[in-house]
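Structure below is start_15.cif: mmCIF, C-alpha atoms.
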data_coords
loop_
_atom_site.label_atom_id
_atom_site.label_comp_id
_atom_site.auth_asym_id
_atom_site.auth_seq_id
_atom_site.Cartn_x
_atom_site.Cartn_y
_atom_site.Cartn_z
CA MET A 1 -5.86 -15.87 5.11
CA ARG A 2 -7.64 -17.67 2.28
CA LEU A 3 -6.37 -17.95 -1.26
CA ILE A 4 -9.12 -17.88 -3.88
CA ARG A 5 -8.05 -19.07 -7.30
CA VAL A 6 -9.11 -17.02 -10.32
CA ILE A 7 -10.38 -18.23 -13.67
CA ASP A 8 -10.87 -15.54 -16.31
CA LEU A 9 -13.28 -16.70 -19.01
CA LEU A 10 -13.36 -15.24 -22.51
CA ASP A 11 -15.40 -16.93 -25.22
CA GLY A 12 -15.50 -20.12 -23.17
CA ARG A 13 -11.73 -20.35 -22.70
CA ALA A 14 -9.54 -19.75 -19.65
CA VAL A 15 -7.32 -16.80 -20.51
CA HIS A 16 -4.30 -15.10 -18.98
CA ALA A 17 -5.45 -11.68 -17.77
CA LYS A 18 -2.95 -8.86 -17.74
CA GLY A 19 -3.44 -5.16 -17.11
CA GLY A 20 -7.18 -5.15 -17.69
CA CYS A 21 -6.72 -4.92 -21.48
CA ARG A 22 -9.21 -7.66 -22.32
CA GLN A 23 -8.84 -7.46 -26.10
CA GLY A 24 -5.28 -8.70 -25.66
CA TYR A 25 -6.03 -11.67 -23.40
CA ARG A 26 -4.99 -15.04 -24.84
CA PRO A 27 -5.88 -18.61 -23.82
CA LEU A 28 -3.79 -19.95 -20.95
CA ASP A 29 -1.61 -22.69 -22.42
CA ILE A 30 0.09 -24.00 -19.29
CA ALA A 31 -0.34 -23.64 -15.54
CA GLY A 32 2.66 -24.68 -13.49
CA ASP A 33 3.93 -27.67 -15.42
CA THR A 34 0.48 -28.78 -16.61
CA PRO A 35 -0.82 -28.15 -20.14
CA ILE A 36 -4.20 -26.37 -19.98
CA HIS A 37 -4.79 -25.25 -23.57
CA GLY A 38 -7.43 -22.78 -22.41
CA ASP A 39 -9.66 -25.43 -20.81
CA PRO A 40 -11.32 -23.80 -17.76
CA ILE A 41 -12.38 -27.15 -16.28
CA ALA A 42 -8.83 -28.48 -16.48
CA LEU A 43 -7.64 -25.32 -14.73
CA ALA A 44 -10.31 -25.66 -12.03
CA ARG A 45 -9.29 -29.25 -11.36
CA LEU A 46 -5.61 -28.36 -11.29
CA TYR A 47 -6.25 -25.72 -8.64
CA THR A 48 -8.27 -28.20 -6.58
CA GLU A 49 -6.16 -31.32 -6.94
CA GLN A 50 -2.65 -29.85 -6.92
CA CYS A 51 -3.13 -26.69 -4.88
CA GLY A 52 -5.86 -27.93 -2.54
CA LEU A 53 -8.01 -24.82 -3.00
CA ASP A 54 -11.78 -25.12 -2.71
CA GLU A 55 -12.88 -21.60 -3.73
CA VAL A 56 -12.74 -20.12 -7.20
CA TYR A 57 -13.44 -16.63 -8.51
CA VAL A 58 -14.80 -16.79 -12.05
CA ALA A 59 -14.73 -13.62 -14.13
CA ASP A 60 -17.07 -14.00 -17.11
CA LEU A 61 -15.42 -11.34 -19.26
CA ASP A 62 -17.97 -11.66 -22.05
CA ALA A 63 -20.84 -10.90 -19.69
CA ILE A 64 -18.94 -8.09 -17.99
CA SER A 65 -18.45 -6.48 -21.41
CA GLY A 66 -22.17 -6.74 -22.15
CA GLY A 67 -22.02 -9.94 -24.19
CA ARG A 68 -23.46 -13.42 -23.79
CA GLU A 69 -23.20 -15.09 -20.38
CA GLN A 70 -21.04 -18.21 -20.43
CA ASP A 71 -23.51 -20.54 -18.78
CA ALA A 72 -21.95 -23.85 -19.81
CA ALA A 73 -18.46 -23.04 -18.55
CA VAL A 74 -19.73 -21.55 -15.27
CA CYS A 75 -21.99 -24.54 -14.57
CA ALA A 76 -19.16 -26.95 -15.34
CA ILE A 77 -16.80 -25.16 -12.95
CA ALA A 78 -19.47 -25.16 -10.24
CA GLY A 79 -19.92 -28.87 -10.94
CA THR A 80 -16.34 -29.58 -9.83
CA GLY A 81 -17.49 -28.98 -6.25
CA ALA A 82 -15.67 -25.69 -5.79
CA ALA A 83 -17.35 -22.79 -4.03
CA VAL A 84 -17.76 -20.28 -6.86
CA TRP A 85 -17.67 -16.48 -6.73
CA LEU A 86 -19.10 -15.28 -10.05
CA ASP A 87 -18.36 -11.88 -11.54
CA ALA A 88 -20.56 -11.67 -14.64
CA GLY A 89 -21.55 -8.03 -14.98
CA VAL A 90 -24.49 -8.46 -12.61
CA SER A 91 -26.49 -5.25 -12.29
CA THR A 92 -30.08 -6.50 -11.92
CA ILE A 93 -32.04 -8.86 -9.68
CA ALA A 94 -32.74 -11.14 -12.65
CA GLN A 95 -29.03 -11.47 -13.45
CA ALA A 96 -28.22 -12.23 -9.81
CA ARG A 97 -30.89 -14.93 -9.67
CA ARG A 98 -29.62 -16.52 -12.89
CA ALA A 99 -26.13 -16.62 -11.42
CA LEU A 100 -27.32 -18.34 -8.25
CA ASP A 101 -29.38 -20.78 -10.32
CA ARG A 102 -26.13 -21.93 -11.96
CA GLY A 103 -24.95 -23.20 -8.59
CA VAL A 104 -22.59 -20.40 -7.63
CA ASN A 105 -22.15 -19.45 -3.97
CA ARG A 106 -21.37 -15.74 -4.27
CA VAL A 107 -22.60 -13.21 -6.80
CA VAL A 108 -20.23 -10.34 -7.44
CA VAL A 109 -21.62 -6.91 -8.30
CA GLY A 110 -18.78 -4.89 -9.81
CA LEU A 111 -18.44 -1.14 -9.73
CA GLU A 112 -17.60 -1.29 -13.44
CA THR A 113 -21.16 -2.37 -14.32
CA MET A 114 -23.15 -1.16 -11.30
CA THR A 115 -25.46 1.76 -12.09
CA CYS A 116 -26.13 3.00 -8.55
CA PHE A 117 -26.23 1.91 -4.91
CA ASP A 118 -30.03 1.53 -5.02
CA ARG A 119 -29.66 -1.25 -7.61
CA LEU A 120 -27.07 -2.94 -5.39
CA ARG A 121 -29.49 -2.75 -2.48
CA ASP A 122 -32.25 -4.28 -4.60
CA ILE A 123 -29.97 -7.20 -5.46
CA THR A 124 -28.80 -7.82 -1.88
CA GLU A 125 -32.39 -7.75 -0.59
CA ALA A 126 -33.57 -10.22 -3.25
CA ALA A 127 -30.65 -12.64 -3.03
CA THR A 128 -29.78 -15.24 -0.43
CA PRO A 129 -28.45 -13.46 2.70
CA GLY A 130 -24.68 -13.08 2.57
CA SER A 131 -24.40 -14.16 -1.07
CA VAL A 132 -23.63 -10.77 -2.65
CA ALA A 133 -20.12 -9.35 -2.83
CA PHE A 134 -19.16 -5.94 -4.14
CA SER A 135 -16.08 -5.50 -6.30
CA LEU A 136 -14.42 -2.12 -5.95
CA ASP A 137 -13.10 -2.04 -9.52
CA LEU A 138 -10.15 0.30 -9.96
CA ARG A 139 -7.58 1.21 -12.57
CA ASN A 140 -4.38 2.62 -11.12
CA GLY A 141 -6.30 3.53 -7.96
CA HIS A 142 -9.19 5.28 -9.74
CA PRO A 143 -12.79 3.95 -9.80
CA ILE A 144 -13.90 2.28 -13.02
CA THR A 145 -17.45 3.48 -13.65
CA ASP A 146 -19.56 5.30 -16.22
CA SER A 147 -21.35 7.15 -13.43
CA GLU A 148 -19.94 10.62 -12.90
CA GLY A 149 -21.44 10.69 -9.39
CA LEU A 150 -19.70 7.46 -8.39
CA ARG A 151 -16.44 8.52 -10.02
CA GLU A 152 -16.26 11.58 -7.80
CA LEU A 153 -16.47 9.59 -4.56
CA ARG A 154 -13.38 8.52 -2.62
CA ILE A 155 -12.75 4.82 -2.83
CA GLU A 156 -13.30 4.25 0.89
CA VAL A 157 -16.67 6.04 0.63
CA ILE A 158 -17.71 3.80 -2.26
CA ALA A 159 -16.79 0.73 -0.21
CA ALA A 160 -18.67 1.96 2.85
CA ARG A 161 -21.79 2.77 0.84
CA ALA A 162 -21.70 -0.67 -0.78
CA VAL A 163 -21.71 -2.24 2.68
CA GLU A 164 -24.60 0.04 3.69
CA ALA A 165 -26.44 -1.28 0.61
CA GLY A 166 -26.06 -4.82 1.92
CA ALA A 167 -22.86 -6.18 0.39
CA ALA A 168 -21.57 -8.96 2.65
CA SER A 169 -17.99 -8.63 1.41
CA VAL A 170 -15.89 -6.20 -0.60
CA ILE A 171 -13.18 -7.03 -3.13
CA VAL A 172 -10.50 -4.40 -3.72
CA LEU A 173 -9.40 -5.07 -7.30
CA ASP A 174 -7.08 -2.90 -9.38
CA LEU A 175 -7.30 -4.17 -12.95
CA ALA A 176 -4.16 -2.35 -14.05
CA ARG A 177 -2.17 -4.54 -11.63
CA VAL A 178 -3.68 -7.86 -12.75
CA GLY A 179 -0.96 -10.17 -14.06
CA SER A 180 1.59 -7.38 -13.74
CA ASP A 181 3.78 -8.52 -10.82
CA ARG A 182 3.37 -5.01 -9.38
CA GLY A 183 1.86 -6.19 -6.13
CA ILE A 184 -1.09 -4.71 -4.27
CA ASP A 185 -1.26 -1.02 -3.38
CA LEU A 186 -1.08 -1.70 0.36
CA GLY A 187 -1.87 1.88 1.36
CA MET A 188 -5.04 1.87 -0.70
CA PHE A 189 -6.08 -1.50 0.72
CA GLU A 190 -5.49 -0.33 4.26
CA THR A 191 -7.64 2.77 3.64
CA VAL A 192 -10.54 0.64 2.46
CA LYS A 193 -10.19 -1.92 5.24
CA ARG A 194 -10.17 0.82 7.86
CA ALA A 195 -13.43 2.21 6.44
CA ILE A 196 -15.26 -1.14 6.60
CA PRO A 197 -13.68 -3.18 9.41
CA GLU A 198 -16.86 -5.12 10.09
CA VAL A 199 -17.04 -7.01 6.77
CA THR A 200 -14.89 -9.46 4.86
CA VAL A 201 -12.42 -7.65 2.61
CA LEU A 202 -10.54 -9.37 -0.21
CA ALA A 203 -7.67 -8.13 -2.36
CA GLY A 204 -6.83 -8.88 -5.96
CA GLY A 205 -4.64 -7.74 -8.80
CA GLY A 206 -0.87 -8.23 -8.92
CA ILE A 207 -0.26 -10.71 -6.09
CA ARG A 208 3.35 -11.80 -6.59
CA GLY A 209 3.95 -14.32 -3.85
CA ILE A 210 4.50 -14.98 -0.18
CA ASP A 211 5.57 -11.48 0.85
CA ASP A 212 2.44 -9.92 -0.60
CA VAL A 213 0.25 -12.42 1.22
CA ARG A 214 2.09 -11.76 4.49
CA HIS A 215 1.71 -7.98 4.23
CA LEU A 216 -1.98 -8.22 3.38
CA ALA A 217 -2.61 -10.58 6.28
CA GLU A 218 -0.95 -8.10 8.62
CA LEU A 219 -3.39 -5.44 7.37
CA GLY A 220 -6.39 -7.63 8.14
CA CYS A 221 -7.07 -8.94 4.65
CA ASP A 222 -9.42 -11.93 4.79
CA ALA A 223 -8.63 -13.47 1.40
CA VAL A 224 -6.68 -12.83 -1.78
CA LEU A 225 -7.59 -13.51 -5.40
CA VAL A 226 -4.65 -15.16 -7.14
CA ALA A 227 -4.14 -16.27 -10.72
CA THR A 228 -0.68 -15.71 -12.24
CA ALA A 229 1.24 -16.55 -9.03
CA LEU A 230 -0.57 -19.90 -8.80
CA GLN A 231 -0.08 -20.70 -12.47
CA ARG A 232 3.71 -20.62 -12.16
CA PRO A 233 5.79 -23.59 -11.00
CA GLY A 234 5.83 -23.52 -7.21
CA GLY A 235 2.34 -22.11 -6.86
CA ALA A 236 1.52 -24.77 -4.28
CA ASP A 237 4.18 -23.26 -2.00
CA LEU A 238 2.14 -20.07 -1.85
CA VAL A 239 -0.91 -22.06 -0.79
CA ARG A 240 1.02 -23.85 1.96
CA PHE A 241 2.40 -20.56 3.26
CA ALA A 242 -1.02 -18.92 3.41
CA ASP A 243 -2.38 -21.91 5.30
CA SER A 244 0.48 -21.95 7.82
CA PHE A 245 0.34 -18.17 8.26
CA THR A 246 -3.35 -18.39 9.07
CA ARG A 247 -2.87 -21.15 11.61
CA THR A 248 -0.06 -19.32 13.40
#

Could you take the file, read its structure, and then write that structure out as structure tokens?
Amino acid sequence: MRLIRVIDLLDGRAVHAKGGCRQGYRPLDIAGDTPIHGDPIALARLYTEQCGLDEVYVADLDAISGGREQDAAVCAIAGTGAAVWLDAGVSTIAQARRALDRGVNRVVVGLETMTCFDRLRDITEAATPGSVAFSLDLRNGHPITDSEGLRELRIEVIAARAVEAGAASVIVLDLARVGSDRGIDLGMFETVKRAIPEVTVLAGGGIRGIDDVRHLAELGCDAVLVATALQRPGGADLVRFADSFTRT
């Protein structure tokens, strides 16, 4: 079980994401006992130095919403030496290549901004093998997409078709649960994992602590995206538990 730290970027600042209501996100002032003042590089270093985590999921919320890509912040985070998963509203080959040129390791294509599975296939075929992840973006268990055809599909079918299109990993992410302390919908996760047992499956949105990590590991989850639970005092305990649980 791997823990992947999350940095949500909005207008160049690290923000506290909650419930997927991006207009209400505010800069993260403190993580654990450390003042951050919205500095994404300070947050990246805190995760690395105090929590010992070497992977980071960066959500460029400006780019996801159709705005300007936050090149400087993304490049700076990649420059810390962390392995970066970048979610930046990628829906074209050109966008995927720009992301990889910034030094990121994984490009995330989210359901929220994906137009169709053919475009996902184009991206996976043009990118470095294994570098494209698909984010199954949900809100309260329902797909987030402007495509009526995609909206009508069951979530496990969407995940399976993303894998058929070449996605090397799938992230199950319910935005309504982000920062909410509601925990993961374990039944939904299990349904998706059962549909695509051959690929890496990650979970995100609402991770509360050790019990959630334990339950997800028992369901075959390969990694979890964590933000709020790591930003509280004692976040390092969660990291140590995940490491020990994996080794046992």

Residue neighbourhood range 183-186 of chain A, 6 Å, all atoms listed in the file, exclusion window fewer than 3 positions, as a ChimeraX atom specification: /A:189,206-208

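Using all atoms listed in the file, the smallest distance between any of A:Ile30, A:Ala73, A:Leu3, A:Val108 and Gln95 in chain A comes from A:Val108.
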
Counting only C-alpha atoms, the residue of A:Ala223, A:Val109, A:Gly179, A:Glu152 that sits nearest His16 in chain A: A:Gly179

Could you list the residues chosen by the PyMOL selection byres ((chain A and resi 21) around 12) in this structure as an mmCIF file with C-alpha atoms, in the frame of the given file?
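Output saved as expr.cif:
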data_model
loop_
_atom_site.group_PDB
_atom_site.id
_atom_site.type_symbol
_atom_site.label_atom_id
_atom_site.label_comp_id
_atom_site.auth_asym_id
_atom_site.auth_seq_id
_atom_site.Cartn_x
_atom_site.Cartn_y
_atom_site.Cartn_z
ATOM 1 C CA VAL A 15 -7.320 -16.800 -20.510
ATOM 2 C CA HIS A 16 -4.300 -15.100 -18.980
ATOM 3 C CA ALA A 17 -5.450 -11.680 -17.770
ATOM 4 C CA LYS A 18 -2.950 -8.860 -17.740
ATOM 5 C CA GLY A 19 -3.440 -5.160 -17.110
ATOM 6 C CA GLY A 20 -7.180 -5.150 -17.690
ATOM 7 C CA ARG A 22 -9.210 -7.660 -22.320
ATOM 8 C CA GLN A 23 -8.840 -7.460 -26.100
ATOM 9 C CA GLY A 24 -5.280 -8.700 -25.660
ATOM 10 C CA TYR A 25 -6.030 -11.670 -23.400
ATOM 11 C CA ARG A 26 -4.990 -15.040 -24.840
ATOM 12 C CA LEU A 61 -15.420 -11.340 -19.260
ATOM 13 C CA SER A 65 -18.450 -6.480 -21.410
ATOM 14 C CA ARG A 139 -7.580 1.210 -12.570
ATOM 15 C CA LEU A 175 -7.300 -4.170 -12.950
ATOM 16 C CA ALA A 176 -4.160 -2.350 -14.050
ATOM 17 C CA ARG A 177 -2.170 -4.540 -11.630
ATOM 18 C CA VAL A 178 -3.680 -7.860 -12.750
ATOM 19 C CA GLY A 179 -0.960 -10.170 -14.060
ATOM 20 C CA SER A 180 1.590 -7.380 -13.740
#

Hits from the PyMOL selection byres ((chain A and resi 45-47) around 10), listed as an MDAnalysis selection string: chainID A and resid 4:7 31:32 34 36 40:44 48:56 77 80:82 227 230:231 235:236

Contact residues around Cys75 in chain A with all atoms listed in the file at 10 Å, ignoring same-chain residues under 2 positions, as a ChimeraX atom specification: /A:70-73,77-80,84,99,101-104

Near Val170 in chain A, within 6 Å and counting all atoms listed in the file, which residues show up once chain neighbours fewer than 2 positions away are dropped, as a PDB file with C-alpha atoms, in the coordinates of the input?
ATOM      1  CA  ALA A 133     -20.120  -9.350  -2.830  1.00  0.00           C
ATOM      2  CA  PHE A 134     -19.160  -5.940  -4.140  1.00  0.00           C
ATOM      3  CA  SER A 135     -16.080  -5.500  -6.300  1.00  0.00           C
ATOM      4  CA  VAL A 201     -12.420  -7.650   2.610  1.00  0.00           C
TER       5      VAL A 201
END

For Val58 in chain A, the nearest of the candidates A:Gly187, A:Gly89, A:Pro35, A:Pro27, counting all atoms listed in the file: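 For Val58 in chain A, the nearest of the candidates is A:Gly89.
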
Expected selection from the PyMOL selection byres ((chain A and resi 112) around 12), given as a PyMOL selection string: chain A and resi 20+61+63-66+87-91+108-111+113-116+134-139+142-147+150-151+173-175

For CA of Asp118 in chain A and CA of Arg106 in chain A, the interatomic separation in Å (one decimal):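 Separation of CA of Asp118 in chain A and CA of Arg106 in chain A: 19.3 Å.
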
d(CA of Glu125 in chain A, CA of Ala165 in chain A) in Å: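 Going from CA of Glu125 in chain A over to CA of Ala165 in chain A, I get 8.9 Å.
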
Residue among A:Arg2, A:Arg194, A:Ser131, A:Thr228 lying closest to Leu28 in chain A, counting all atoms listed in the file: A:Thr228

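One finds CA of Pro197 in chain A at 8.6 Å from CA of Gly220 in chain A.
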